[in-house]
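Undergrad: One structure, pasted below without further comment.
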Amino acid sequence: MQQHNDYVTALLKEDHFKFNTEDRIAIDRRHEPYPKDLAEAQGLWSQKLKFEYLMEKLSQEISVTNGNFVVKMPKTAVTNIIDTLTRRYQRNLHIYTNWDSTTYCRPT
């Protein structure tokens with residue numbers, strides 16, 4: 001989980017996502033095999049982050065012009081998206097690292 005968080009945080013600091021290709025991502029990976037190694041895991045993490053980035057971007061103001069979707073984003077939108085995703089991953093890491101068997105168990 002720490003490796004995942006560190007990798008995603010580095011991507012958010014460095015990468016400027018481009019959405020001009022026909023990339024595809026499997027949203028539901030329950031029946032997919034686990035990654036063979038760290039490089040394959042990082043590829044999946046990168047795809048998922050790109051998807052999450054796009055979803056945040058699309059949640060900004062969207063309009064339709066001549067049958068095309070136009071995203072009108074304020075100048076601070078990219079910073080806001082990066083901050084939102086960074087906080088999300090930090091929160092998930094915090095929850096994961098502070099979880100113990102008594103945290104969510106109800107006494108019998």
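Following the order of the structure tokens, first chain is A, next is B, and so on, with residues numbered from 1 inside each chain and ligands from 1 in the order they appear.
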Which residues come within 10 Å of Leu38 of chain A, counting only C-alpha atoms, excluding same-chain residues fewer than 5 positions away, as a ChimeraX atom specification?
TA: /A:3-4,43-44
Undergrad: Do a neighbour search on Lys48 of chain A at 9 Å with only C-alpha atoms, toss out local chain neighbours closer than 6 positions, and write the hits as a PDB file with all heavy atoms, in the first residue's frame.
TA:
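Done, and the output landed in around-v3.pdb:
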```
ATOM      1  N   ILE A  25      -9.269   0.792 -19.868  1.00  0.00           N
ATOM      2  CA  ILE A  25      -8.939   0.295 -18.544  1.00  0.00           C
ATOM      3  C   ILE A  25     -10.067  -0.604 -18.063  1.00  0.00           C
ATOM      4  O   ILE A  25     -11.242  -0.302 -18.292  1.00  0.00           O
ATOM      5  CB  ILE A  25      -8.696   1.452 -17.546  1.00  0.00           C
ATOM      6  CG1 ILE A  25      -8.340   0.900 -16.169  1.00  0.00           C
ATOM      7  CG2 ILE A  25      -9.865   2.387 -17.480  1.00  0.00           C
ATOM      8  CD1 ILE A  25      -7.931   1.959 -15.164  1.00  0.00           C
ATOM      9  N   ALA A  26      -9.687  -1.701 -17.428  1.00  0.00           N
ATOM     10  CA  ALA A  26     -10.681  -2.597 -16.834  1.00  0.00           C
ATOM     11  C   ALA A  26     -11.025  -2.052 -15.459  1.00  0.00           C
ATOM     12  O   ALA A  26     -10.182  -2.034 -14.564  1.00  0.00           O
ATOM     13  CB  ALA A  26     -10.126  -4.012 -16.728  1.00  0.00           C
ATOM     14  N   ILE A  27     -12.231  -1.562 -15.294  1.00  0.00           N
ATOM     15  CA  ILE A  27     -12.664  -0.988 -14.018  1.00  0.00           C
ATOM     16  C   ILE A  27     -12.849  -2.090 -12.975  1.00  0.00           C
ATOM     17  O   ILE A  27     -12.425  -1.963 -11.840  1.00  0.00           O
ATOM     18  CB  ILE A  27     -13.980  -0.197 -14.200  1.00  0.00           C
ATOM     19  CG1 ILE A  27     -13.830   0.894 -15.256  1.00  0.00           C
ATOM     20  CG2 ILE A  27     -14.437   0.379 -12.866  1.00  0.00           C
ATOM     21  CD1 ILE A  27     -12.817   1.947 -14.937  1.00  0.00           C
TER      22      ILE A  27
END
```
Undergrad: Compile the contact shell of Tyr96 of chain A as a PyMOL selection string: residues with an atom at most 10 Å away, counting only C-alpha atoms, same-chain residues fewer than 5 positions apart removed.
TA: chain A and resi 1-2+90-91
Undergrad: The selected residues should be written to file as a PDB file, in the first residue's frame (atoms: all heavy atoms).
TA:
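Result written to result_29.pdb:
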```pdb
ATOM      1  N   MET A   1       0.833  -1.191   0.000  1.00  0.00           N
ATOM      2  CA  MET A   1       0.000   0.000   0.000  1.00  0.00           C
ATOM      3  C   MET A   1       0.879   1.258   0.000  1.00  0.00           C
ATOM      4  O   MET A   1       0.569   2.227  -0.686  1.00  0.00           O
ATOM      5  CB  MET A   1      -0.926  -0.051   1.218  1.00  0.00           C
ATOM      6  CG  MET A   1      -2.044   0.888   1.195  1.00  0.00           C
ATOM      7  SD  MET A   1      -3.240   0.436  -0.052  1.00  0.00           S
ATOM      8  CE  MET A   1      -4.466   1.637   0.235  1.00  0.00           C
ATOM      9  N   GLN A   2       1.964   1.213   0.771  1.00  0.00           N
ATOM     10  CA  GLN A   2       2.879   2.360   0.813  1.00  0.00           C
ATOM     11  C   GLN A   2       3.537   2.583  -0.551  1.00  0.00           C
ATOM     12  O   GLN A   2       3.647   3.716  -1.006  1.00  0.00           O
ATOM     13  CB  GLN A   2       3.951   2.150   1.889  1.00  0.00           C
ATOM     14  CG  GLN A   2       4.893   3.337   2.058  1.00  0.00           C
ATOM     15  CD  GLN A   2       4.203   4.562   2.623  1.00  0.00           C
ATOM     16  OE1 GLN A   2       3.553   4.483   3.647  1.00  0.00           O
ATOM     17  NE2 GLN A   2       4.331   5.692   1.947  1.00  0.00           N
ATOM     18  N   GLN A  90      -3.759   9.620   0.297  1.00  0.00           N
ATOM     19  CA  GLN A  90      -3.227   9.735   1.656  1.00  0.00           C
ATOM     20  C   GLN A  90      -4.241   9.213   2.675  1.00  0.00           C
ATOM     21  O   GLN A  90      -3.878   8.520   3.624  1.00  0.00           O
ATOM     22  CB  GLN A  90      -2.870  11.196   1.978  1.00  0.00           C
ATOM     23  CG  GLN A  90      -1.665  11.712   1.240  1.00  0.00           C
ATOM     24  CD  GLN A  90      -0.386  11.028   1.673  1.00  0.00           C
ATOM     25  OE1 GLN A  90      -0.243  10.617   2.805  1.00  0.00           O
ATOM     26  NE2 GLN A  90       0.546  10.913   0.743  1.00  0.00           N
ATOM     27  N   ARG A  91      -5.513   9.553   2.476  1.00  0.00           N
ATOM     28  CA  ARG A  91      -6.565   9.086   3.376  1.00  0.00           C
ATOM     29  C   ARG A  91      -6.685   7.562   3.327  1.00  0.00           C
ATOM     30  O   ARG A  91      -6.784   6.896   4.360  1.00  0.00           O
ATOM     31  CB  ARG A  91      -7.898   9.740   3.016  1.00  0.00           C
ATOM     32  CG  ARG A  91      -9.046   9.368   3.946  1.00  0.00           C
ATOM     33  CD  ARG A  91     -10.361  10.055   3.564  1.00  0.00           C
ATOM     34  NE  ARG A  91     -10.775   9.746   2.216  1.00  0.00           N
ATOM     35  CZ  ARG A  91     -10.853  10.616   1.207  1.00  0.00           C
ATOM     36  NH1 ARG A  91     -10.577  11.896   1.399  1.00  0.00           N
ATOM     37  NH2 ARG A  91     -11.234  10.249  -0.003  1.00  0.00           N
TER      38      ARG A  91
END
```
Undergrad: List the neighbours of Tyr53 of chain A out to 10 Å using only C-alpha atoms; skip same-chain residues closer than 4 positions along the sequence, and give me the result as a list in words.
TA: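 In the requested form, the answer reads Leu12, Phe17, Gln47, Lys48, Leu49, Lys57, Leu58, Ser59, Val78, Ile81, Ile82, Thr84 and Leu85 of chain A.
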Undergrad: Write the residues of the selection above to a file with N, CA and C atoms, as a compact mmCIF listing (two decimals), in the first residue's frame.
TA:
```txt
# COMPACT_ATOMS: atom_id res chain seq x y z
N LEU A 12 1.54 12.09 -9.72
CA LEU A 12 0.76 13.33 -9.65
C LEU A 12 1.67 14.56 -9.67
N PHE A 17 -1.26 14.32 -17.61
CA PHE A 17 -2.02 13.30 -18.31
C PHE A 17 -2.54 13.83 -19.64
N GLN A 47 -2.74 3.44 -14.86
CA GLN A 47 -4.00 3.46 -15.60
C GLN A 47 -5.15 3.90 -14.70
N LYS A 48 -5.20 3.36 -13.51
CA LYS A 48 -6.27 3.71 -12.58
C LYS A 48 -6.21 5.19 -12.22
N LEU A 49 -5.00 5.69 -11.97
CA LEU A 49 -4.85 7.10 -11.63
C LEU A 49 -5.28 7.99 -12.80
N LYS A 57 -11.64 15.51 -13.77
CA LYS A 57 -11.65 16.54 -14.80
C LYS A 57 -13.05 16.70 -15.39
N LEU A 58 -13.72 15.58 -15.63
CA LEU A 58 -15.06 15.62 -16.21
C LEU A 58 -16.10 16.13 -15.22
N SER A 59 -15.80 16.08 -13.95
CA SER A 59 -16.75 16.59 -12.97
C SER A 59 -16.75 18.12 -12.95
N VAL A 78 -6.41 21.99 -12.60
CA VAL A 78 -5.41 20.93 -12.56
C VAL A 78 -4.84 20.80 -11.15
N ILE A 81 -7.44 19.14 -8.97
CA ILE A 81 -7.54 17.72 -9.23
C ILE A 81 -6.39 16.98 -8.55
N ILE A 82 -5.19 17.48 -8.71
CA ILE A 82 -4.01 16.85 -8.10
C ILE A 82 -4.14 16.84 -6.59
N THR A 84 -6.93 16.93 -4.81
CA THR A 84 -8.02 16.00 -4.46
C THR A 84 -7.53 14.56 -4.48
N LEU A 85 -6.84 14.18 -5.56
CA LEU A 85 -6.37 12.80 -5.67
C LEU A 85 -5.28 12.50 -4.65
```
Undergrad: Could you please determine the separation between atom CA of Arg88 of chain A and atom CA of Glu56 of chain A in Å, to one decimal place?
TA: 11.9 Å
Undergrad: As a ChimeraX atom specification, please: every residue in segment 2-102 of chain A that DSSP puts in alpha helix (DSSP H).
TA: /A:2-14,38-58,77-97
